[in-house]
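Engineer: Input structure: query.cif, which contains mmCIF, C-alpha atoms.
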data_model
#
loop_
_atom_site.label_atom_id
_atom_site.label_comp_id
_atom_site.auth_asym_id
_atom_site.auth_seq_id
_atom_site.Cartn_x
_atom_site.Cartn_y
_atom_site.Cartn_z
CA MET F 753 16.16 -16.33 22.15
CA ILE F 754 14.54 -16.85 25.57
CA TRP F 755 12.21 -19.82 25.18
CA GLN F 756 9.70 -18.69 27.81
CA ILE F 757 9.04 -15.40 26.00
CA ASP F 758 8.98 -17.24 22.68
CA LEU F 759 6.41 -19.71 23.95
CA ALA F 760 4.24 -16.96 25.41
CA VAL F 761 4.28 -15.00 22.14
CA LEU F 762 3.53 -18.11 20.09
CA LEU F 763 0.60 -18.96 22.38
CA LEU F 764 -0.75 -15.43 21.99
CA VAL F 765 -0.40 -15.72 18.20
CA VAL F 766 -2.52 -18.87 18.20
CA ILE F 767 -5.08 -17.30 20.54
CA CYS F 768 -5.34 -14.20 18.34
CA ALA F 769 -5.69 -16.28 15.17
CA VAL F 770 -8.46 -18.47 16.61
CA GLY F 771 -10.12 -15.43 18.17
CA ALA F 772 -10.10 -13.50 14.90
CA LEU F 773 -11.87 -16.43 13.22
CA ALA F 774 -14.30 -17.06 16.06
CA VAL F 775 -15.67 -13.64 17.01
CA LYS F 776 -18.97 -12.54 15.45
CA ASP F 777 -18.07 -8.85 15.54
CA LEU F 778 -16.02 -8.09 12.44
CA MET F 779 -14.51 -4.95 13.99
CA GLY F 780 -13.21 -7.14 16.82
CA ALA F 781 -11.84 -9.58 14.25
CA ALA F 782 -10.01 -6.73 12.49
CA ILE F 783 -8.41 -5.56 15.75
CA LEU F 784 -7.48 -9.13 16.71
CA PHE F 785 -5.89 -9.54 13.29
CA GLY F 786 -3.87 -6.39 13.94
CA ALA F 787 -2.74 -7.83 17.28
CA TYR F 788 -1.83 -11.07 15.48
CA SER F 789 0.31 -9.12 13.01
CA PHE F 790 2.04 -7.25 15.80
CA LEU F 791 2.84 -10.49 17.65
CA MET F 792 4.20 -11.95 14.41
CA CYS F 793 6.34 -8.81 14.13
CA ILE F 794 7.76 -9.52 17.60
CA LEU F 795 8.50 -13.10 16.51
CA TRP F 796 10.33 -11.92 13.37
CA ALA F 797 12.35 -9.48 15.44
CA VAL F 798 13.24 -12.21 17.96
CA MET F 799 14.43 -14.42 15.09
CA GLY F 800 16.66 -11.63 13.81
CA ALA F 801 14.71 -10.79 10.65
CA VAL F 802 14.43 -7.10 11.50
CA ASP F 803 13.48 -5.98 7.98
CA VAL F 804 10.59 -8.45 7.85
CA ALA F 805 9.52 -7.38 11.35
CA PHE F 806 9.49 -3.76 10.22
CA THR F 807 7.35 -4.61 7.18
CA GLU F 808 4.99 -6.69 9.29
CA ALA F 809 4.58 -3.85 11.80
CA SER F 810 3.92 -1.19 9.18
CA VAL F 811 1.88 -3.17 6.65
CA GLY F 812 0.26 -5.89 8.77
CA ALA F 813 -0.40 -4.16 12.05
CA GLY F 814 -0.72 -0.65 10.66
CA VAL F 815 -2.24 -0.08 7.26
CA SER F 816 -4.07 -3.37 6.70
CA THR F 817 -5.90 -2.98 10.04
CA VAL F 818 -7.06 0.46 8.89
CA PHE F 819 -8.21 -1.06 5.58
CA PHE F 820 -10.19 -3.73 7.43
CA VAL F 821 -11.78 -1.14 9.72
CA ALA F 822 -12.68 1.02 6.72
CA ALA F 823 -14.22 -1.98 4.93
CA VAL F 824 -16.21 -2.93 8.05
CA PHE F 825 -17.35 0.69 8.42
CA ARG F 826 -18.77 0.61 4.88
CA THR F 827 -20.32 -2.88 5.00
CA SER F 828 -21.72 -4.65 8.05
CA ARG F 829 -20.30 -5.27 11.47
CA ARG F 830 -21.69 -8.74 12.10
CA THR F 831 -20.93 -11.95 10.24
CA LYS F 832 -23.71 -14.11 8.87
CA ASP F 833 -22.09 -17.41 9.87
CA MET J 1423 -20.07 -29.48 7.12
CA LYS J 1424 -18.37 -27.47 9.84
CA ALA J 1425 -17.17 -30.66 11.55
CA LEU J 1426 -15.72 -31.86 8.24
CA ALA J 1427 -13.93 -28.53 7.70
CA LEU J 1428 -12.53 -28.65 11.24
CA ALA J 1429 -11.34 -32.22 10.71
CA ILE J 1430 -9.55 -31.23 7.48
CA VAL J 1431 -7.96 -28.21 9.15
CA VAL J 1432 -6.74 -30.29 12.10
CA LEU J 1433 -5.42 -33.01 9.76
CA VAL J 1434 -3.53 -30.60 7.50
CA GLY J 1435 -2.26 -28.64 10.51
CA GLY J 1436 -0.98 -31.86 12.07
CA LEU J 1437 0.75 -32.76 8.80
CA LEU J 1438 2.42 -29.34 8.66
CA VAL J 1439 3.59 -29.59 12.27
CA SER J 1440 4.96 -33.08 11.69
CA ALA J 1441 6.76 -31.84 8.56
CA THR J 1442 8.61 -29.17 10.58
CA VAL J 1443 10.59 -31.98 12.25
CA ASP J 1444 12.46 -32.42 8.95
CA PHE J 1445 13.43 -28.73 8.86
CA PRO J 1446 17.07 -27.86 9.51
CA ASP J 1447 17.72 -26.42 12.97
CA TRP J 1448 17.23 -22.71 13.43
CA ALA J 1449 20.38 -20.80 12.30
CA ASP J 1450 22.09 -24.05 11.31
CA PRO J 1451 25.20 -23.13 9.26
CA ASN J 1452 25.09 -26.51 7.47
CA SER J 1453 21.51 -26.22 6.24
CA PRO J 1454 21.14 -26.21 2.42
CA ALA J 1455 19.95 -22.62 2.39
CA SER J 1456 23.02 -21.27 4.18
CA ARG J 1457 25.57 -23.26 2.18
CA HIS J 1458 24.73 -22.22 -1.37
CA VAL J 1459 24.21 -18.58 -2.01
CA SER J 1460 24.03 -16.96 1.43
CA PRO J 1461 27.82 -17.00 2.09
CA ARG J 1462 28.35 -15.32 -1.28
CA TYR J 1463 26.07 -12.42 -0.28
CA ILE J 1464 27.47 -12.16 3.25
CA GLU J 1465 31.07 -12.04 2.02
CA LYS J 1466 30.72 -9.96 -1.14
CA THR J 1467 27.88 -7.48 -0.54
CA MET J 1468 30.03 -4.88 1.18
CA GLU J 1469 32.79 -4.94 -1.43
CA GLU J 1470 30.43 -5.10 -4.44
CA THR J 1471 27.77 -2.59 -3.43
CA SER J 1472 29.11 -0.86 -0.27
CA VAL J 1473 25.72 -1.44 1.39
CA PRO J 1474 26.05 -2.67 4.99
CA ASN J 1475 22.45 -3.92 5.19
CA ILE J 1476 22.63 -7.14 3.17
CA VAL J 1477 18.83 -7.47 3.08
CA THR J 1478 18.52 -4.18 1.18
CA ALA J 1479 21.29 -5.14 -1.23
CA VAL J 1480 19.69 -8.52 -1.99
CA LEU J 1481 16.23 -6.98 -2.32
CA ALA J 1482 17.07 -4.09 -4.62
CA ASP J 1483 20.25 -5.20 -6.37
CA TYR J 1484 20.86 -8.96 -6.54
CA ARG J 1485 17.13 -9.72 -6.68
CA GLY J 1486 16.12 -6.39 -8.18
CA TYR J 1487 14.04 -7.96 -10.93
CA ASP J 1488 11.78 -9.65 -8.33
CA THR J 1489 11.36 -6.42 -6.43
CA MET J 1490 10.43 -4.55 -9.60
CA PHE J 1491 7.52 -6.90 -10.15
CA GLU J 1492 6.59 -6.72 -6.46
CA THR J 1493 6.19 -2.99 -6.99
CA ALA J 1494 4.15 -3.71 -10.11
CA VAL J 1495 1.95 -6.04 -8.02
CA VAL J 1496 1.32 -3.25 -5.49
CA PHE J 1497 0.47 -0.90 -8.36
CA THR J 1498 -1.87 -3.50 -9.87
CA ALA J 1499 -3.62 -3.92 -6.50
CA GLY J 1500 -4.23 -0.17 -6.38
CA VAL J 1501 -5.55 -0.12 -9.95
CA ALA J 1502 -7.84 -3.08 -9.20
CA CYS J 1503 -9.25 -1.34 -6.11
CA PHE J 1504 -9.80 1.81 -8.14
CA LEU J 1505 -11.58 -0.02 -10.97
CA LEU J 1506 -13.76 -2.06 -8.61
CA LEU J 1507 -14.74 0.63 -6.13
CA ARG J 1508 -14.64 4.03 -7.81
CA ARG J 1509 -18.10 5.42 -8.53
CA ARG J 1510 -18.91 8.69 -10.22
CA GLU J 1511 -22.56 9.17 -9.20
CA PRO J 1512 -23.08 11.04 -5.90
CA ARG J 1513 -24.45 9.29 -2.83
CA PRO J 1514 -28.26 9.00 -2.53
CA GLY J 1515 -29.96 11.50 -0.24
CA PRO J 1516 -29.02 15.10 -0.83
CA SER J 1517 -28.56 16.22 2.80
CA ARG J 1518 -25.41 18.15 3.60
CA VAL J 1519 -24.08 18.81 7.12
CA TYR J 1520 -22.01 21.86 8.02
CA ARG J 1521 -20.43 23.07 11.25
CA HIS J 1522 -20.31 26.77 11.99
CA ARG J 1523 -16.66 27.28 12.81
CA ALA J 1524 -17.04 30.06 15.38
CA THR J 1525 -19.83 28.55 17.48
CA GLY J 1526 -19.66 24.83 16.70
CA VAL J 1527 -23.37 24.75 15.77
CA ILE J 1528 -24.24 21.92 13.36
CA VAL J 1529 -26.44 22.88 10.40
CA GLU J 1530 -28.13 20.20 8.33
CA MET J 1531 -29.47 21.04 4.87
CA ASN J 1532 -32.14 18.99 3.16
CA ARG J 1533 -30.79 19.69 -0.30
CA VAL J 1534 -27.43 20.24 -1.88
CA PRO J 1535 -26.86 24.02 -1.81
CA ASP J 1536 -26.55 25.77 -5.16
CA LYS J 1537 -23.48 27.56 -3.89
CA GLU J 1538 -21.12 26.06 -1.30
CA PRO J 1539 -20.96 28.29 1.80
CA SER J 1540 -17.64 29.95 2.52
CA PRO J 1541 -15.30 27.33 4.03
CA ASP J 1542 -13.97 29.92 6.48
CA VAL J 1543 -17.39 30.25 8.11
CA PHE J 1544 -19.05 26.87 7.56
CA LYS J 1545 -17.01 23.68 7.43
CA ARG J 1546 -18.63 20.74 5.69
CA ILE J 1547 -18.65 17.58 7.85
CA ASP J 1548 -19.63 13.98 7.10
CA ASP J 1549 -23.32 13.20 7.62
CA ASP J 1550 -22.55 10.06 9.61
CA TRP J 1551 -19.58 11.40 11.56
CA THR J 1552 -20.48 14.48 13.56
CA PRO J 1553 -18.21 14.33 16.65
CA HIS J 1554 -15.50 16.95 16.54
CA ASP J 1555 -12.47 16.28 18.72
CA LEU J 1556 -10.07 19.18 18.98
CA ILE J 1557 -7.41 17.21 20.89
CA VAL J 1558 -7.25 14.31 18.43
CA MET J 1559 -7.15 16.66 15.45
CA ASN J 1560 -4.37 18.84 16.77
CA VAL J 1561 -2.25 16.03 18.21
CA CYS J 1562 -2.37 14.32 14.81
CA ARG J 1563 -1.56 17.60 13.10
CA LEU J 1564 1.54 17.91 15.26
CA LEU J 1565 2.53 14.27 14.76
CA ILE J 1566 2.10 13.94 10.99
CA PRO J 1567 5.23 15.95 9.97
CA PHE J 1568 7.40 13.82 12.24
CA ILE J 1569 5.86 10.61 10.90
CA GLN J 1570 6.60 11.78 7.36
CA LEU J 1571 10.15 12.76 8.26
CA PHE J 1572 10.67 9.33 9.82
CA ALA J 1573 9.28 7.71 6.67
CA LEU J 1574 11.77 9.62 4.52
CA TYR J 1575 14.54 8.54 6.89
CA VAL J 1576 13.43 4.92 6.60
CA ILE J 1577 13.55 5.12 2.78
CA ALA J 1578 16.90 6.92 2.61
CA HIS J 1579 18.59 5.04 5.44
CA GLY J 1580 17.58 1.58 4.24
CA HIS J 1581 21.18 0.97 3.20
CA HIS J 1582 22.42 1.07 6.79
CA SER J 1583 19.47 0.10 8.97
CA PRO J 1584 16.29 -1.95 8.62
CA GLY J 1585 13.89 -0.29 6.24
CA GLY J 1586 13.61 0.67 2.63
CA GLY J 1587 11.08 1.66 0.04
CA PHE J 1588 8.24 -0.62 1.09
CA GLN J 1589 8.30 0.23 4.79
CA GLY J 1590 8.94 3.93 4.28
CA GLY J 1591 6.26 4.13 1.60
CA VAL J 1592 3.73 2.47 3.87
CA ILE J 1593 4.58 4.88 6.71
CA LEU J 1594 4.24 7.85 4.35
CA GLY J 1595 0.88 6.55 3.15
CA ALA J 1596 -0.18 5.93 6.76
CA SER J 1597 0.54 9.56 7.60
CA VAL J 1598 -1.92 10.69 4.91
CA ILE J 1599 -4.42 8.09 6.11
CA LEU J 1600 -3.99 9.41 9.66
CA MET J 1601 -4.85 12.86 8.35
CA ALA J 1602 -8.01 11.46 6.76
CA LEU J 1603 -8.89 9.66 9.99
CA SER J 1604 -8.27 12.52 12.38
CA TRP J 1605 -9.60 15.37 10.20
CA ASP J 1606 -11.75 14.11 7.37
CA LEU J 1607 -11.36 12.62 3.93
CA ARG J 1608 -11.80 15.96 2.15
CA THR J 1609 -8.89 17.54 4.05
CA ALA J 1610 -6.65 14.63 3.07
CA MET J 1611 -7.93 14.87 -0.51
CA LEU J 1612 -6.92 18.54 -0.62
CA ARG J 1613 -3.36 17.55 0.33
CA MET J 1614 -3.22 14.59 -2.03
CA LYS J 1615 -5.65 14.61 -4.92
CA GLU J 1616 -6.90 11.57 -6.73
CA THR J 1617 -4.90 12.31 -9.88
CA ALA J 1618 -1.78 12.75 -7.72
CA THR J 1619 -2.18 9.30 -6.14
CA GLY J 1620 -2.80 7.67 -9.52
CA LEU J 1621 0.11 9.41 -11.19
CA MET J 1622 2.51 8.79 -8.32
CA SER J 1623 1.79 5.07 -8.09
CA ALA J 1624 2.44 4.70 -11.82
CA MET J 1625 5.46 6.99 -11.55
CA GLY J 1626 7.04 4.78 -8.86
CA VAL J 1627 6.98 1.71 -11.08
CA PHE J 1628 8.22 3.86 -13.97
CA ILE J 1629 11.20 5.12 -11.91
CA TYR J 1630 12.15 1.57 -10.99
CA ALA J 1631 11.89 0.23 -14.52
CA GLY J 1632 13.44 3.45 -15.85
CA VAL J 1633 16.59 3.03 -13.76
CA GLY J 1634 16.83 -0.51 -15.09
CA ALA J 1635 16.33 0.63 -18.67
CA LEU J 1636 18.88 3.41 -18.21
CA ALA J 1637 21.45 0.82 -17.16
CA LEU J 1638 20.51 -1.13 -20.28
CA ALA J 1639 20.96 1.97 -22.45
CA LEU J 1640 24.39 2.64 -20.94
CA GLY J 1641 25.62 -0.80 -21.93
CA GLY J 1642 24.99 -2.88 -18.84
CA ASN J 1643 22.40 -5.51 -18.09
CA PHE J 1644 18.87 -4.57 -17.09
CA LEU J 1645 18.98 -3.22 -13.49
CA ASP J 1646 22.78 -3.50 -13.38
CA TYR J 1647 23.37 -0.23 -11.55
CA ALA J 1648 27.14 -0.40 -12.00
CA ALA J 1649 26.55 0.70 -15.60
CA LEU J 1650 25.27 4.03 -14.28
CA SER J 1651 28.72 5.01 -13.01
CA PRO J 1652 29.73 7.20 -16.02
CA LEU J 1653 26.43 9.08 -15.73
CA LEU J 1654 26.70 9.61 -11.98
CA ARG J 1655 30.48 10.27 -12.15
CA VAL J 1656 31.24 7.78 -9.35
CA ASP J 1657 32.96 4.40 -9.29
CA PRO J 1658 30.81 1.32 -10.08
CA VAL J 1659 30.52 0.26 -6.42
CA ALA J 1660 29.10 3.63 -5.36
CA ALA J 1661 26.89 3.57 -8.46
CA ARG J 1662 25.34 0.32 -7.29
CA SER J 1663 24.67 1.84 -3.88
CA LEU J 1664 23.10 4.92 -5.48
CA GLY J 1665 21.10 2.80 -7.92
CA ILE J 1666 19.60 0.95 -4.95
CA PHE J 1667 18.61 4.32 -3.50
CA PHE J 1668 16.92 5.40 -6.76
CA VAL J 1669 14.81 2.27 -7.02
CA GLU J 1670 13.92 2.50 -3.32
CA VAL J 1671 12.57 5.99 -3.97
CA GLY J 1672 10.48 4.56 -6.81
CA VAL J 1673 9.17 1.77 -4.57
CA GLY J 1674 8.37 4.27 -1.81
CA LEU J 1675 6.42 6.53 -4.18
CA ALA J 1676 4.41 3.65 -5.65
CA VAL J 1677 3.61 2.09 -2.26
CA MET J 1678 2.63 5.39 -0.62
CA ALA J 1679 0.31 6.43 -3.44
CA THR J 1680 -1.26 2.99 -3.66
CA MET J 1681 -1.97 2.83 0.09
CA VAL J 1682 -3.67 6.23 -0.01
CA LEU J 1683 -5.60 5.29 -3.17
CA ILE J 1684 -6.91 2.04 -1.67
CA TYR J 1685 -7.84 3.72 1.61
CA LYS J 1686 -9.74 6.58 -0.02
CA ASN J 1687 -11.77 4.27 -2.23
CA LEU J 1688 -12.51 1.83 0.61
CA ALA J 1689 -13.50 4.44 3.18
CA SER J 1690 -15.78 6.44 0.89
CA GLU J 1691 -17.40 3.60 -1.10
CA GLY J 1692 -15.53 4.91 -4.12
CA ARG J 1693 -17.18 8.35 -4.04
CA LEU J 1694 -14.24 10.18 -2.44
CA ASP J 1695 -16.51 12.81 -0.87
CA GLN J 1696 -16.76 11.65 2.72
CA GLY J 1697 -15.60 8.70 4.72
CA LEU J 1698 -14.08 7.34 7.89
#
Now that the file is in, can you turn its structure into structure tokens?
Structural biologist:
Amino acid sequence: MIWQIDLAVLLLVVICAVGALAVKDLMGAAILFGAYSFLMCILWAVMGAVDVAFTEASVGAGVSTVFFVAAVFRTSRRTKD
Amino acid sequence: MKALALAIVVLVGGLLVSATVDFPDWADPNSPASRHVSPRYIEKTMEETSVPNIVTAVLADYRGYDTMFETAVVFTAGVACFLLLRRREPRPGPSRVYRHRATGVIVEMNRVPDKEPSPDVFKRIDDDWTPHDLIVMNVCRLLIPFIQLFALYVIAHGHHSPGGGFQGGVILGASVILMALSWDLRTAMLRMKETATGLMSAMGVFIYAGVGALALALGGNFLDYAALSPLLRVDPVAARSLGIFFVEVGVGLAVMATMVLIYKNLASEGRLDQGL
């Protein structure tokens, strides 16, 4: 595990998490959440948990992002708070 | 209120970070987790189940009971989405939109036609989604068979490489969702009807529990695949490997159907006529 790459990915994870909570546009939040899942997938793969990384990539970054986008499409795009 | 919430989040986050100091080092062979049961799996998995990927063996064999209820949880999530979202009454506003296939002209009707026009001449399109992108549609059409083939490989090759029923099932479901995204929901519904998704998600759980019950009927413990060896005419070790494959197929079926079911109900507000 190369610590510089690890640190960069961890920083990006935190940025994505805070960004997904902070943005007013829910579509943006959904995409940021997908990016968060994908970065987590990279972290799992770096730590050697390849099966978990695979699940995270397919479920977290793939299908759940589509579910969020579909839910935003059918409700409203902006948050109230 | 927001300041209070932020303070609580920072406090609890700080506590969690400070607690990680007490964790064993990463990949420490003397940590409690790697002294108890892990060496047993690492040393015995290959000779007991002939499955090189220990994660798959633990998931579907040693901890098969957990995984069975994980599959049941996925099934329950699908049923909950169906019960919450599915609506029988049609959407308000009777307008229908059609595209003339030969010329690409869009025709909007103010009422629902008594007789649907021939689908070879007029293709019905969503009233809020008129753009028609030939490149996206055809690239997805070319890609979907390969995605599905890869998903089947992931399910069947989970013994030797990362993967298994959950991942393969999600990829299979994603291929149907991609069809709904790139074409439209009705095209995907023609390929995979609502009854098919419902039946398949229940069938997946049934296959998993059925393999377990079959082992019980043949004199073993519940989900003890070695008991299937007289039925499969192989030795008990190979029977365990094959049993893992059977339950992975069940998991894959349940997960795929549930993903498609949830997506269809979410994207169409439960009406299943048009959507994202």
Engineer: Would you give me, as a ChimeraX atom specification, the residues of chain J that come within 9 Å of chain F, using all atoms listed in the file?
Structural biologist: /J:1448,1477-1478,1583-1586,1588-1590,1592-1593,1595-1596,1599,1681,1684-1685,1688-1691,1697-1698
Engineer: Using all atoms listed in the file, which residues sit within 10 Å of segment 1537-1542 of chain J once same-chain residues fewer than 3 positions away are excluded, as a count of residues only?
Structural biologist: 8
Engineer: Just give me the gap between atom CA of Asp1483 of chain J and atom CA of Gly1665 of chain J in Å, one decimal is fine.
Structural biologist: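 Between these atoms lies a distance of 8.2 Å.
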Engineer: Extract, using only C-alpha atoms, all DNA, RNA and protein residues at most 10 Å from Leu1505 of chain J, discarding same-chain residues fewer than 4 positions from it, and format them as JSON, numbers by chain.
Structural biologist: {"J": [1499, 1500, 1501, 1509, 1687, 1692]}
Engineer: Can I get the selected residues back with C-alpha atoms, as a compact mmCIF listing (two decimals), in the coordinates of the input?
Structural biologist:
# COMPACT_ATOMS: atom_id res chain seq x y z
CA ALA J 1499 -3.62 -3.92 -6.50
CA GLY J 1500 -4.23 -0.17 -6.38
CA VAL J 1501 -5.55 -0.12 -9.95
CA ARG J 1509 -18.10 5.42 -8.53
CA ASN J 1687 -11.77 4.27 -2.23
CA GLY J 1692 -15.53 4.91 -4.12
Engineer: Written as a list in words, which residues does the PyMOL selection byres ((chain F and resi 755-768) around 7) give for the file shown?
Structural biologist: Met753, Ile754, Ala769, Val770, Gly771, Ala772, Leu784, Phe785, Ala787, Tyr788 and Leu791 of chain F
Engineer: Using Å and a single decimal, report how far atom CA of Thr817 of chain F sits from atom CA of Lys776 of chain F.
Structural biologist: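 Taking atom CA of Lys776 of chain F as the start and atom CA of Thr817 of chain F as the end point, the length is 17.1 Å.
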Engineer: May I ask you to restore N, CA and C atoms in segment 789-818 of chain F and write the result as a PDB file, in the coordinates of the input?
Structural biologist:
ATOM      1  N   SER F 789      -0.799  -9.613  13.820  1.00  0.00           N
ATOM      2  CA  SER F 789       0.310  -9.120  13.010  1.00  0.00           C
ATOM      3  C   SER F 789       1.417  -8.567  13.891  1.00  0.00           C
ATOM      4  N   PHE F 790       1.015  -7.854  14.946  1.00  0.00           N
ATOM      5  CA  PHE F 790       2.040  -7.250  15.800  1.00  0.00           C
ATOM      6  C   PHE F 790       2.827  -8.334  16.537  1.00  0.00           C
ATOM      7  N   LEU F 791       2.123  -9.395  16.982  1.00  0.00           N
ATOM      8  CA  LEU F 791       2.840 -10.490  17.650  1.00  0.00           C
ATOM      9  C   LEU F 791       3.776 -11.201  16.667  1.00  0.00           C
ATOM     10  N   MET F 792       3.318 -11.354  15.425  1.00  0.00           N
ATOM     11  CA  MET F 792       4.200 -11.950  14.410  1.00  0.00           C
ATOM     12  C   MET F 792       5.433 -11.072  14.210  1.00  0.00           C
ATOM     13  N   CYS F 793       5.215  -9.742  14.266  1.00  0.00           N
ATOM     14  CA  CYS F 793       6.340  -8.810  14.130  1.00  0.00           C
ATOM     15  C   CYS F 793       7.348  -9.038  15.252  1.00  0.00           C
ATOM     16  N   ILE F 794       6.839  -9.241  16.489  1.00  0.00           N
ATOM     17  CA  ILE F 794       7.760  -9.520  17.600  1.00  0.00           C
ATOM     18  C   ILE F 794       8.529 -10.803  17.327  1.00  0.00           C
ATOM     19  N   LEU F 795       7.821 -11.826  16.794  1.00  0.00           N
ATOM     20  CA  LEU F 795       8.500 -13.100  16.510  1.00  0.00           C
ATOM     21  C   LEU F 795       9.601 -12.915  15.466  1.00  0.00           C
ATOM     22  N   TRP F 796       9.306 -12.159  14.391  1.00  0.00           N
ATOM     23  CA  TRP F 796      10.330 -11.920  13.370  1.00  0.00           C
ATOM     24  C   TRP F 796      11.538 -11.222  13.997  1.00  0.00           C
ATOM     25  N   ALA F 797      11.257 -10.220  14.842  1.00  0.00           N
ATOM     26  CA  ALA F 797      12.350  -9.480  15.440  1.00  0.00           C
ATOM     27  C   ALA F 797      13.189 -10.391  16.336  1.00  0.00           C
ATOM     28  N   VAL F 798      12.515 -11.285  17.084  1.00  0.00           N
ATOM     29  CA  VAL F 798      13.240 -12.210  17.960  1.00  0.00           C
ATOM     30  C   VAL F 798      14.142 -13.128  17.129  1.00  0.00           C
ATOM     31  N   MET F 799      13.639 -13.518  15.928  1.00  0.00           N
ATOM     32  CA  MET F 799      14.430 -14.420  15.090  1.00  0.00           C
ATOM     33  C   MET F 799      15.507 -13.698  14.302  1.00  0.00           C
ATOM     34  N   GLY F 800      15.590 -12.368  14.460  1.00  0.00           N
ATOM     35  CA  GLY F 800      16.660 -11.630  13.810  1.00  0.00           C
ATOM     36  C   GLY F 800      16.333 -11.103  12.444  1.00  0.00           C
ATOM     37  N   ALA F 801      15.091 -11.313  11.971  1.00  0.00           N
ATOM     38  CA  ALA F 801      14.710 -10.790  10.650  1.00  0.00           C
ATOM     39  C   ALA F 801      14.081  -9.412  10.845  1.00  0.00           C
ATOM     40  N   VAL F 802      14.936  -8.419  11.100  1.00  0.00           N
ATOM     41  CA  VAL F 802      14.430  -7.100  11.500  1.00  0.00           C
ATOM     42  C   VAL F 802      13.679  -6.433  10.356  1.00  0.00           C
ATOM     43  N   ASP F 803      14.162  -6.602   9.115  1.00  0.00           N
ATOM     44  CA  ASP F 803      13.480  -5.980   7.980  1.00  0.00           C
ATOM     45  C   ASP F 803      12.064  -6.517   7.821  1.00  0.00           C
ATOM     46  N   VAL F 804      11.918  -7.841   7.968  1.00  0.00           N
ATOM     47  CA  VAL F 804      10.590  -8.450   7.850  1.00  0.00           C
ATOM     48  C   VAL F 804       9.703  -7.969   8.986  1.00  0.00           C
ATOM     49  N   ALA F 805      10.295  -7.863  10.199  1.00  0.00           N
ATOM     50  CA  ALA F 805       9.520  -7.380  11.350  1.00  0.00           C
ATOM     51  C   ALA F 805       9.008  -5.979  11.098  1.00  0.00           C
ATOM     52  N   PHE F 806       9.863  -5.156  10.516  1.00  0.00           N
ATOM     53  CA  PHE F 806       9.490  -3.760  10.220  1.00  0.00           C
ATOM     54  C   PHE F 806       8.323  -3.742   9.224  1.00  0.00           C
ATOM     55  N   THR F 807       8.430  -4.568   8.170  1.00  0.00           N
ATOM     56  CA  THR F 807       7.350  -4.610   7.180  1.00  0.00           C
ATOM     57  C   THR F 807       6.063  -5.097   7.813  1.00  0.00           C
ATOM     58  N   GLU F 808       6.180  -6.142   8.641  1.00  0.00           N
ATOM     59  CA  GLU F 808       4.990  -6.690   9.290  1.00  0.00           C
ATOM     60  C   GLU F 808       4.329  -5.637  10.168  1.00  0.00           C
ATOM     61  N   ALA F 809       5.153  -4.860  10.903  1.00  0.00           N
ATOM     62  CA  ALA F 809       4.580  -3.850  11.800  1.00  0.00           C
ATOM     63  C   ALA F 809       3.887  -2.763  11.019  1.00  0.00           C
ATOM     64  N   SER F 810       4.523  -2.315   9.906  1.00  0.00           N
ATOM     65  CA  SER F 810       3.920  -1.190   9.180  1.00  0.00           C
ATOM     66  C   SER F 810       2.758  -1.637   8.302  1.00  0.00           C
ATOM     67  N   VAL F 811       2.933  -2.742   7.569  1.00  0.00           N
ATOM     68  CA  VAL F 811       1.880  -3.170   6.650  1.00  0.00           C
ATOM     69  C   VAL F 811       0.806  -3.961   7.399  1.00  0.00           C
ATOM     70  N   GLY F 812       1.229  -4.996   8.141  1.00  0.00           N
ATOM     71  CA  GLY F 812       0.260  -5.890   8.770  1.00  0.00           C
ATOM     72  C   GLY F 812      -0.503  -5.240   9.892  1.00  0.00           C
ATOM     73  N   ALA F 813       0.258  -4.714  10.874  1.00  0.00           N
ATOM     74  CA  ALA F 813      -0.400  -4.160  12.050  1.00  0.00           C
ATOM     75  C   ALA F 813      -0.929  -2.764  11.784  1.00  0.00           C
ATOM     76  N   GLY F 814      -0.307  -2.026  10.875  1.00  0.00           N
ATOM     77  CA  GLY F 814      -0.720  -0.650  10.660  1.00  0.00           C
ATOM     78  C   GLY F 814      -1.781  -0.498   9.598  1.00  0.00           C
ATOM     79  N   VAL F 815      -1.335  -0.500   8.331  1.00  0.00           N
ATOM     80  CA  VAL F 815      -2.240  -0.080   7.260  1.00  0.00           C
ATOM     81  C   VAL F 815      -3.344  -1.091   6.997  1.00  0.00           C
ATOM     82  N   SER F 816      -3.022  -2.420   7.066  1.00  0.00           N
ATOM     83  CA  SER F 816      -4.070  -3.370   6.700  1.00  0.00           C
ATOM     84  C   SER F 816      -5.185  -3.369   7.736  1.00  0.00           C
ATOM     85  N   THR F 817      -4.841  -3.096   9.034  1.00  0.00           N
ATOM     86  CA  THR F 817      -5.900  -2.980  10.040  1.00  0.00           C
ATOM     87  C   THR F 817      -6.822  -1.822   9.701  1.00  0.00           C
ATOM     88  N   VAL F 818      -6.234  -0.702   9.274  1.00  0.00           N
ATOM     89  CA  VAL F 818      -7.060   0.460   8.890  1.00  0.00           C
ATOM     90  C   VAL F 818      -7.951   0.106   7.716  1.00  0.00           C
TER      91      VAL F 818
END
